Every structure is written in C-alpha cells, then in structure tokens.
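Next comes run-v3.txt, a file with compact mmCIF, N, CA and C atoms.
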# COMPACT_ATOMS: atom_id res chain seq x y z
N MET E 1 0.84 -1.18 0.00
CA MET E 1 0.00 0.00 0.00
C MET E 1 0.88 1.24 0.00
N ALA E 2 0.39 2.27 -0.67
CA ALA E 2 1.15 3.50 -0.82
C ALA E 2 0.69 4.54 0.20
N LEU E 3 1.55 5.54 0.40
CA LEU E 3 1.24 6.65 1.29
C LEU E 3 0.81 7.86 0.48
N TYR E 4 -0.20 8.56 0.97
CA TYR E 4 -0.73 9.74 0.29
C TYR E 4 -0.93 10.86 1.31
N GLU E 5 -0.84 12.09 0.82
CA GLU E 5 -1.17 13.26 1.62
C GLU E 5 -2.28 14.00 0.88
N SER E 6 -3.34 14.28 1.59
CA SER E 6 -4.51 14.91 0.98
C SER E 6 -4.89 16.15 1.77
N VAL E 7 -5.07 17.26 1.07
CA VAL E 7 -5.53 18.50 1.68
C VAL E 7 -6.91 18.80 1.12
N ILE E 8 -7.85 19.06 2.02
CA ILE E 8 -9.23 19.32 1.65
C ILE E 8 -9.59 20.72 2.09
N ILE E 9 -10.25 21.47 1.21
CA ILE E 9 -10.75 22.81 1.55
C ILE E 9 -12.28 22.75 1.49
N GLY E 10 -12.90 23.05 2.64
CA GLY E 10 -14.36 23.05 2.72
C GLY E 10 -14.91 24.47 2.71
N ARG E 11 -16.18 24.60 2.43
CA ARG E 11 -16.83 25.92 2.38
C ARG E 11 -16.73 26.63 3.71
N GLN E 12 -16.65 27.97 3.65
CA GLN E 12 -16.53 28.78 4.85
C GLN E 12 -17.83 28.83 5.65
N ASP E 13 -18.97 28.53 5.03
CA ASP E 13 -20.27 28.60 5.71
C ASP E 13 -20.44 27.51 6.77
N LEU E 14 -19.69 26.44 6.64
CA LEU E 14 -19.83 25.31 7.57
C LEU E 14 -19.27 25.67 8.94
N THR E 15 -19.91 25.14 9.97
CA THR E 15 -19.35 25.28 11.31
C THR E 15 -18.23 24.24 11.46
N ASN E 16 -17.43 24.40 12.50
CA ASN E 16 -16.35 23.44 12.73
C ASN E 16 -16.88 22.03 12.90
N SER E 17 -17.98 21.88 13.63
CA SER E 17 -18.54 20.55 13.86
C SER E 17 -19.09 19.94 12.57
N GLN E 18 -19.70 20.76 11.73
CA GLN E 18 -20.20 20.25 10.45
C GLN E 18 -19.05 19.79 9.57
N PHE E 19 -17.97 20.57 9.57
CA PHE E 19 -16.81 20.20 8.75
C PHE E 19 -16.15 18.93 9.29
N GLU E 20 -16.05 18.80 10.61
CA GLU E 20 -15.49 17.59 11.21
C GLU E 20 -16.33 16.37 10.84
N THR E 21 -17.65 16.51 10.86
CA THR E 21 -18.55 15.42 10.47
C THR E 21 -18.33 15.04 9.01
N LEU E 22 -18.14 16.05 8.17
CA LEU E 22 -17.88 15.82 6.75
C LEU E 22 -16.57 15.04 6.55
N ILE E 23 -15.54 15.45 7.28
CA ILE E 23 -14.25 14.76 7.18
C ILE E 23 -14.37 13.33 7.69
N ASP E 24 -15.15 13.12 8.75
CA ASP E 24 -15.36 11.77 9.29
C ASP E 24 -16.01 10.85 8.25
N GLU E 25 -16.89 11.38 7.41
CA GLU E 25 -17.50 10.59 6.34
C GLU E 25 -16.43 10.08 5.37
N PHE E 26 -15.50 10.96 5.01
CA PHE E 26 -14.44 10.56 4.07
C PHE E 26 -13.45 9.60 4.72
N VAL E 27 -13.18 9.79 6.01
CA VAL E 27 -12.31 8.87 6.74
C VAL E 27 -12.94 7.48 6.78
N THR E 28 -14.25 7.43 6.97
CA THR E 28 -14.97 6.15 6.98
C THR E 28 -14.85 5.44 5.64
N VAL E 29 -14.95 6.21 4.56
CA VAL E 29 -14.81 5.63 3.21
C VAL E 29 -13.42 5.02 3.06
N ILE E 30 -12.41 5.72 3.53
CA ILE E 30 -11.03 5.21 3.42
C ILE E 30 -10.86 3.94 4.25
N LYS E 31 -11.37 3.95 5.48
CA LYS E 31 -11.20 2.79 6.36
C LYS E 31 -11.97 1.58 5.88
N THR E 32 -13.14 1.76 5.29
CA THR E 32 -13.91 0.62 4.80
C THR E 32 -13.31 0.02 3.54
N ASN E 33 -12.46 0.77 2.84
CA ASN E 33 -11.82 0.28 1.63
C ASN E 33 -10.35 -0.07 1.85
N GLU E 34 -10.04 -0.64 3.00
CA GLU E 34 -8.71 -1.15 3.34
C GLU E 34 -7.65 -0.07 3.51
N GLY E 35 -8.07 1.14 3.82
CA GLY E 35 -7.12 2.22 4.04
C GLY E 35 -6.93 2.50 5.51
N GLU E 36 -5.90 3.29 5.82
CA GLU E 36 -5.60 3.63 7.20
C GLU E 36 -5.17 5.09 7.25
N ILE E 37 -5.69 5.82 8.23
CA ILE E 37 -5.32 7.22 8.43
C ILE E 37 -4.11 7.25 9.36
N LYS E 38 -3.01 7.83 8.88
CA LYS E 38 -1.78 7.90 9.66
C LYS E 38 -1.70 9.18 10.49
N LYS E 39 -2.22 10.29 9.94
CA LYS E 39 -2.09 11.58 10.62
C LYS E 39 -3.16 12.53 10.09
N THR E 40 -3.71 13.33 10.99
CA THR E 40 -4.69 14.35 10.58
C THR E 40 -4.32 15.68 11.21
N GLU E 41 -4.62 16.77 10.49
CA GLU E 41 -4.41 18.11 11.02
C GLU E 41 -5.51 19.03 10.52
N TYR E 42 -6.11 19.76 11.42
CA TYR E 42 -7.07 20.80 11.06
C TYR E 42 -6.33 22.12 11.09
N TRP E 43 -6.27 22.80 9.94
CA TRP E 43 -5.51 24.04 9.82
C TRP E 43 -6.37 25.28 10.05
N GLY E 44 -7.66 25.11 10.25
CA GLY E 44 -8.54 26.24 10.54
C GLY E 44 -9.09 26.89 9.28
N ILE E 45 -9.74 28.02 9.48
CA ILE E 45 -10.28 28.78 8.35
C ILE E 45 -9.18 29.72 7.87
N ARG E 46 -8.87 29.61 6.58
CA ARG E 46 -7.81 30.42 5.99
C ARG E 46 -8.33 31.11 4.73
N ASN E 47 -7.68 32.20 4.37
CA ASN E 47 -8.04 32.92 3.15
C ASN E 47 -7.62 32.12 1.93
N LEU E 48 -8.44 32.16 0.89
CA LEU E 48 -8.10 31.56 -0.38
C LEU E 48 -7.32 32.58 -1.21
N ALA E 49 -6.51 32.14 -2.12
CA ALA E 49 -5.73 33.05 -2.96
C ALA E 49 -6.64 33.85 -3.90
N TYR E 50 -7.74 33.25 -4.29
CA TYR E 50 -8.72 33.92 -5.14
C TYR E 50 -10.10 33.34 -4.83
N LYS E 51 -11.14 34.04 -5.27
CA LYS E 51 -12.50 33.62 -4.99
C LYS E 51 -12.83 32.34 -5.76
N ILE E 52 -13.35 31.34 -5.06
CA ILE E 52 -13.76 30.07 -5.68
C ILE E 52 -15.22 29.82 -5.31
N ASN E 53 -16.07 29.76 -6.30
CA ASN E 53 -17.51 29.54 -6.07
C ASN E 53 -18.07 30.48 -5.00
N LYS E 54 -17.74 31.76 -5.12
CA LYS E 54 -18.20 32.82 -4.22
C LYS E 54 -17.65 32.69 -2.80
N ASN E 55 -16.62 31.90 -2.60
CA ASN E 55 -15.99 31.74 -1.29
C ASN E 55 -14.65 32.45 -1.29
N ARG E 56 -14.40 33.20 -0.23
CA ARG E 56 -13.10 33.88 -0.06
C ARG E 56 -12.25 33.16 0.99
N LYS E 57 -12.87 32.33 1.80
CA LYS E 57 -12.17 31.58 2.85
C LYS E 57 -12.60 30.13 2.80
N GLY E 58 -11.89 29.29 3.53
CA GLY E 58 -12.26 27.89 3.58
C GLY E 58 -11.65 27.19 4.77
N HIS E 59 -12.29 26.10 5.18
CA HIS E 59 -11.75 25.22 6.22
C HIS E 59 -10.70 24.33 5.57
N TYR E 60 -9.51 24.28 6.14
CA TYR E 60 -8.43 23.45 5.60
C TYR E 60 -8.21 22.25 6.51
N TYR E 61 -8.05 21.07 5.90
CA TYR E 61 -7.82 19.84 6.65
C TYR E 61 -6.83 18.98 5.87
N MET E 62 -5.86 18.41 6.57
CA MET E 62 -4.86 17.57 5.93
C MET E 62 -4.93 16.15 6.49
N LEU E 63 -4.89 15.18 5.60
CA LEU E 63 -4.91 13.76 5.98
C LEU E 63 -3.69 13.07 5.38
N ASN E 64 -3.02 12.25 6.16
CA ASN E 64 -2.00 11.35 5.64
C ASN E 64 -2.61 9.96 5.64
N ILE E 65 -2.60 9.33 4.48
CA ILE E 65 -3.34 8.10 4.26
C ILE E 65 -2.41 7.01 3.75
N GLU E 66 -2.61 5.79 4.25
CA GLU E 66 -1.94 4.62 3.69
C GLU E 66 -3.04 3.72 3.14
N SER E 67 -3.06 3.54 1.82
CA SER E 67 -4.13 2.76 1.21
C SER E 67 -3.75 2.36 -0.21
N PRO E 68 -4.50 1.41 -0.78
CA PRO E 68 -4.31 1.09 -2.19
C PRO E 68 -4.83 2.22 -3.08
N SER E 69 -4.38 2.26 -4.30
CA SER E 69 -4.78 3.34 -5.21
C SER E 69 -6.28 3.31 -5.53
N SER E 70 -6.89 2.13 -5.49
CA SER E 70 -8.33 2.06 -5.77
C SER E 70 -9.13 2.81 -4.69
N THR E 71 -8.67 2.76 -3.46
CA THR E 71 -9.34 3.49 -2.37
C THR E 71 -9.21 4.98 -2.59
N ILE E 72 -8.05 5.44 -3.02
CA ILE E 72 -7.84 6.87 -3.27
C ILE E 72 -8.72 7.33 -4.43
N SER E 73 -8.88 6.51 -5.43
CA SER E 73 -9.74 6.86 -6.57
C SER E 73 -11.18 7.07 -6.11
N GLU E 74 -11.68 6.16 -5.28
CA GLU E 74 -13.05 6.29 -4.76
C GLU E 74 -13.17 7.50 -3.85
N TYR E 75 -12.18 7.71 -2.99
CA TYR E 75 -12.15 8.86 -2.08
C TYR E 75 -12.19 10.17 -2.86
N GLU E 76 -11.37 10.30 -3.90
CA GLU E 76 -11.35 11.52 -4.70
C GLU E 76 -12.64 11.70 -5.50
N ARG E 77 -13.23 10.60 -5.94
CA ARG E 77 -14.50 10.69 -6.66
C ARG E 77 -15.58 11.28 -5.76
N LEU E 78 -15.63 10.79 -4.52
CA LEU E 78 -16.63 11.30 -3.57
C LEU E 78 -16.35 12.74 -3.17
N LEU E 79 -15.07 13.11 -3.05
CA LEU E 79 -14.74 14.50 -2.75
C LEU E 79 -15.22 15.43 -3.86
N GLY E 80 -15.03 15.01 -5.11
CA GLY E 80 -15.44 15.82 -6.25
C GLY E 80 -16.94 15.98 -6.36
N LEU E 81 -17.69 15.01 -5.86
CA LEU E 81 -19.16 15.08 -5.94
C LEU E 81 -19.79 15.89 -4.82
N HIS E 82 -19.08 16.07 -3.72
CA HIS E 82 -19.66 16.73 -2.55
C HIS E 82 -19.69 18.24 -2.75
N GLU E 83 -20.84 18.86 -2.50
CA GLU E 83 -21.01 20.29 -2.74
C GLU E 83 -20.33 21.17 -1.70
N ASP E 84 -20.01 20.64 -0.54
CA ASP E 84 -19.37 21.44 0.50
C ASP E 84 -17.85 21.46 0.38
N ILE E 85 -17.28 20.70 -0.55
CA ILE E 85 -15.85 20.69 -0.77
C ILE E 85 -15.52 21.68 -1.89
N VAL E 86 -14.69 22.67 -1.55
CA VAL E 86 -14.31 23.69 -2.53
C VAL E 86 -13.20 23.17 -3.43
N ARG E 87 -12.14 22.64 -2.83
CA ARG E 87 -11.01 22.08 -3.57
C ARG E 87 -10.38 20.96 -2.74
N PHE E 88 -9.63 20.09 -3.43
CA PHE E 88 -8.86 19.06 -2.74
C PHE E 88 -7.68 18.70 -3.62
N LEU E 89 -6.64 18.20 -2.98
CA LEU E 89 -5.46 17.74 -3.70
C LEU E 89 -4.88 16.56 -2.94
N THR E 90 -4.62 15.48 -3.65
CA THR E 90 -4.02 14.29 -3.06
C THR E 90 -2.75 13.97 -3.83
N ILE E 91 -1.65 13.82 -3.10
CA ILE E 91 -0.38 13.48 -3.74
C ILE E 91 0.21 12.24 -3.06
N LYS E 92 1.02 11.53 -3.81
CA LYS E 92 1.70 10.35 -3.28
C LYS E 92 2.99 10.81 -2.61
N ILE E 93 3.27 10.27 -1.42
CA ILE E 93 4.47 10.66 -0.68
C ILE E 93 5.29 9.41 -0.35
N ASP E 94 6.55 9.63 0.02
CA ASP E 94 7.44 8.52 0.37
C ASP E 94 7.27 8.08 1.81
N LYS E 95 7.12 9.07 2.71
CA LYS E 95 6.95 8.73 4.13
C LYS E 95 6.12 9.81 4.79
N VAL E 96 5.52 9.44 5.91
CA VAL E 96 4.70 10.38 6.68
C VAL E 96 5.62 11.13 7.65
N ASP E 97 5.56 12.44 7.60
CA ASP E 97 6.33 13.27 8.52
C ASP E 97 5.55 13.39 9.82
N GLU E 98 6.09 12.84 10.89
CA GLU E 98 5.39 12.80 12.17
C GLU E 98 5.37 14.16 12.88
N THR E 99 6.24 15.08 12.48
CA THR E 99 6.25 16.40 13.11
C THR E 99 5.08 17.21 12.57
N PRO E 100 4.59 18.17 13.35
CA PRO E 100 3.49 19.01 12.86
C PRO E 100 3.92 19.79 11.62
N SER E 101 2.99 20.01 10.72
CA SER E 101 3.29 20.75 9.50
C SER E 101 3.59 22.21 9.84
N PRO E 102 4.20 22.93 8.93
CA PRO E 102 4.53 24.33 9.20
C PRO E 102 3.31 25.19 9.53
N LEU E 103 2.16 24.84 9.01
CA LEU E 103 0.95 25.61 9.32
C LEU E 103 0.49 25.40 10.75
N MET E 104 0.90 24.30 11.37
CA MET E 104 0.51 24.02 12.75
C MET E 104 1.48 24.64 13.74
N ASN E 105 2.72 24.87 13.33
CA ASN E 105 3.71 25.46 14.23
C ASN E 105 3.42 26.92 14.45
N ASN E 106 3.78 27.42 15.64
CA ASN E 106 3.66 28.85 15.90
C ASN E 106 4.71 29.56 15.07
N LYS E 107 4.25 30.60 14.39
CA LYS E 107 5.18 31.36 13.57
C LYS E 107 6.02 32.25 14.48
N VAL E 108 7.31 32.18 14.31
CA VAL E 108 8.23 33.00 15.09
C VAL E 108 8.73 34.12 14.19
N ASP E 109 8.62 35.33 14.65
CA ASP E 109 9.09 36.46 13.88
C ASP E 109 10.59 36.61 14.10
N HIS E 110 11.38 36.25 13.10
CA HIS E 110 12.83 36.29 13.23
C HIS E 110 13.37 37.71 13.20
N HIS E 111 12.58 38.66 12.75
CA HIS E 111 13.06 40.03 12.64
C HIS E 111 12.59 40.88 13.81
N ARG E 112 11.97 40.27 14.80
CA ARG E 112 11.48 41.01 15.96
C ARG E 112 12.64 41.49 16.81
N ASN E 113 12.46 42.62 17.41
CA ASN E 113 13.49 43.18 18.27
C ASN E 113 13.63 42.32 19.52
N GLU E 114 14.81 41.81 19.77
CA GLU E 114 15.03 40.94 20.91
C GLU E 114 15.67 41.66 22.09
N ALA E 115 15.98 42.94 21.94
CA ALA E 115 16.64 43.68 23.01
C ALA E 115 15.63 44.03 24.10
N THR E 116 16.01 43.80 25.33
CA THR E 116 15.13 44.14 26.45
C THR E 116 15.39 45.54 26.95
N ASP E 117 16.56 46.10 26.60
CA ASP E 117 16.89 47.43 27.09
C ASP E 117 16.53 48.52 26.09
N GLY E 118 15.91 48.18 24.97
CA GLY E 118 15.50 49.17 24.00
C GLY E 118 16.58 49.49 22.98
N ASN E 119 17.71 48.83 23.03
CA ASN E 119 18.79 49.09 22.09
C ASN E 119 18.53 48.28 20.81
N THR E 120 17.87 48.90 19.83
CA THR E 120 17.48 48.20 18.62
C THR E 120 18.66 47.91 17.71
N LYS E 121 19.70 48.74 17.77
CA LYS E 121 20.86 48.53 16.92
C LYS E 121 21.55 47.21 17.26
N THR E 122 21.67 46.91 18.54
CA THR E 122 22.29 45.65 18.99
C THR E 122 21.44 44.46 18.57
N ALA E 123 20.14 44.59 18.71
CA ALA E 123 19.25 43.49 18.35
C ALA E 123 19.30 43.22 16.86
N SER E 124 19.33 44.27 16.01
CA SER E 124 19.37 44.02 14.59
C SER E 124 20.69 43.39 14.17
N LYS E 125 21.79 43.77 14.79
CA LYS E 125 23.07 43.14 14.48
C LYS E 125 23.03 41.66 14.86
N ALA E 126 22.42 41.36 16.00
CA ALA E 126 22.30 39.97 16.42
C ALA E 126 21.46 39.19 15.42
N ASN E 127 20.36 39.77 14.94
CA ASN E 127 19.52 39.08 13.95
C ASN E 127 20.27 38.85 12.65
N VAL E 128 21.01 39.88 12.18
CA VAL E 128 21.77 39.74 10.94
C VAL E 128 22.81 38.64 11.10
N TRP E 129 23.51 38.63 12.23
CA TRP E 129 24.52 37.60 12.47
C TRP E 129 23.89 36.21 12.48
N ARG E 130 22.73 36.08 13.14
CA ARG E 130 22.06 34.78 13.21
C ARG E 130 21.63 34.34 11.81
N ILE E 131 21.12 35.26 11.00
CA ILE E 131 20.67 34.91 9.64
C ILE E 131 21.88 34.52 8.78
N LEU E 132 22.96 35.29 8.85
CA LEU E 132 24.16 34.96 8.09
C LEU E 132 24.73 33.62 8.51
N LYS E 133 24.75 33.38 9.81
CA LYS E 133 25.27 32.11 10.32
C LYS E 133 24.40 30.95 9.86
N TRP E 134 23.10 31.16 9.80
CA TRP E 134 22.17 30.10 9.39
C TRP E 134 22.34 29.76 7.91
N HIS E 135 22.62 30.76 7.08
CA HIS E 135 22.75 30.52 5.64
C HIS E 135 24.08 29.87 5.28
N ASN E 136 25.08 29.95 6.14
CA ASN E 136 26.39 29.36 5.81
C ASN E 136 26.46 27.92 6.16
Would it be possible to restate this file's structure as structure tokens?
Amino acid sequence: MALYESVIIGRQDLTNSQFETLIDEFVTVIKTNEGEIKKTEYWGIRNLAYKINKNRKGHYYMLNIESPSSTISEYERLLGLHEDIVRFLTIKIDKVDETPSPLMNNKVDHHRNEATDGNTKTASKANVWRILKWHN
C-alpha cells in the first residue's frame, strides 16, 4: 500500500462541527476500503488566494493516508461530488512526517526586536549575524 497526503478545503459557511462530520464521512470511506489514516491536522479557516464559487475563505484539513490506489480513486471521486468541498489535492508521498506541519507550528518572527533594554541597533546586528550564520 502507498502513502498519500490529501488536503481538503471546505466551504466557509460550515461550522467546525459540520466540517469535522464531513471529514469523518471521508475517513470512513477510506477505512472501509482497506485504508488507514496515519495523521490528521485541522488548519482552521484560511483565506483563499482567489474567490472560488463565491468563497473567499475555507476550512483546511490535511490527511496522511496509507491505502491502495483504488481506495484513493473512490475517495477523490466522492470529494469531487460533494457540494461542501471547494477544492482538494491528493499526492503520493514517500513517508509520513510525524512532526506538525509548518501551518501548525507557531510562527516566530525572526526580525522582531530581541533587546530588552531598547537598544534596537544591537538586536538588529544579532539578527543579521544569526541569519548569516544560518545561511552558511
């Protein structure tokens, strides 16, 4: 069986519980067709790059799946037929990354002033040094 990563974007009108119920339906389809869910992440409501079917935002959900290709075909067919799904993308991957995805991690502002005494010049030099050291 192969590993897949699937990202689903649901309509913004849905509540979180409605969207979770919707995702559970697709998870059930995968499990009944000899598939297994390795990892799930709810990324929240995010802005879309452009308007899709009068939606400017959407619920984002990521699934890591281990299943035969026939299960993925059926899963994608059902995703395409459902009216509450705005977009989806499923790709084949080599391995499941157990660490949280970058969207789940807290974003750290690397350019933020780190000086506690108000000396911004020292803090910016420290940031530049850290960035230069990181790139080498």
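You will find atom N of Asn33 of chain E at 13.6 Å from atom C of Met1 of chain E.
Note that atom CA of Arg87 of chain E and atom N of Ala49 of chain E are 11.1 Å apart.
Of the listed residues (E:Ile91, E:Glu66, E:His59, E:Thr99), E:His59 comes nearest to Gly10 of chain E; the distances count only N, CA and C atoms.
For the atom pair formed by atom CA of Tyr75 of chain E and atom CA of Phe26 of chain E, the distance is 6.8 Å, given to one decimal.
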task = Would you mind telling me which residue in E:Leu81, E:Glu98, E:Ile93, E:Ile45 lies nearest to Leu3 of chain E when using all atoms listed in the file?
result = E:Ile93
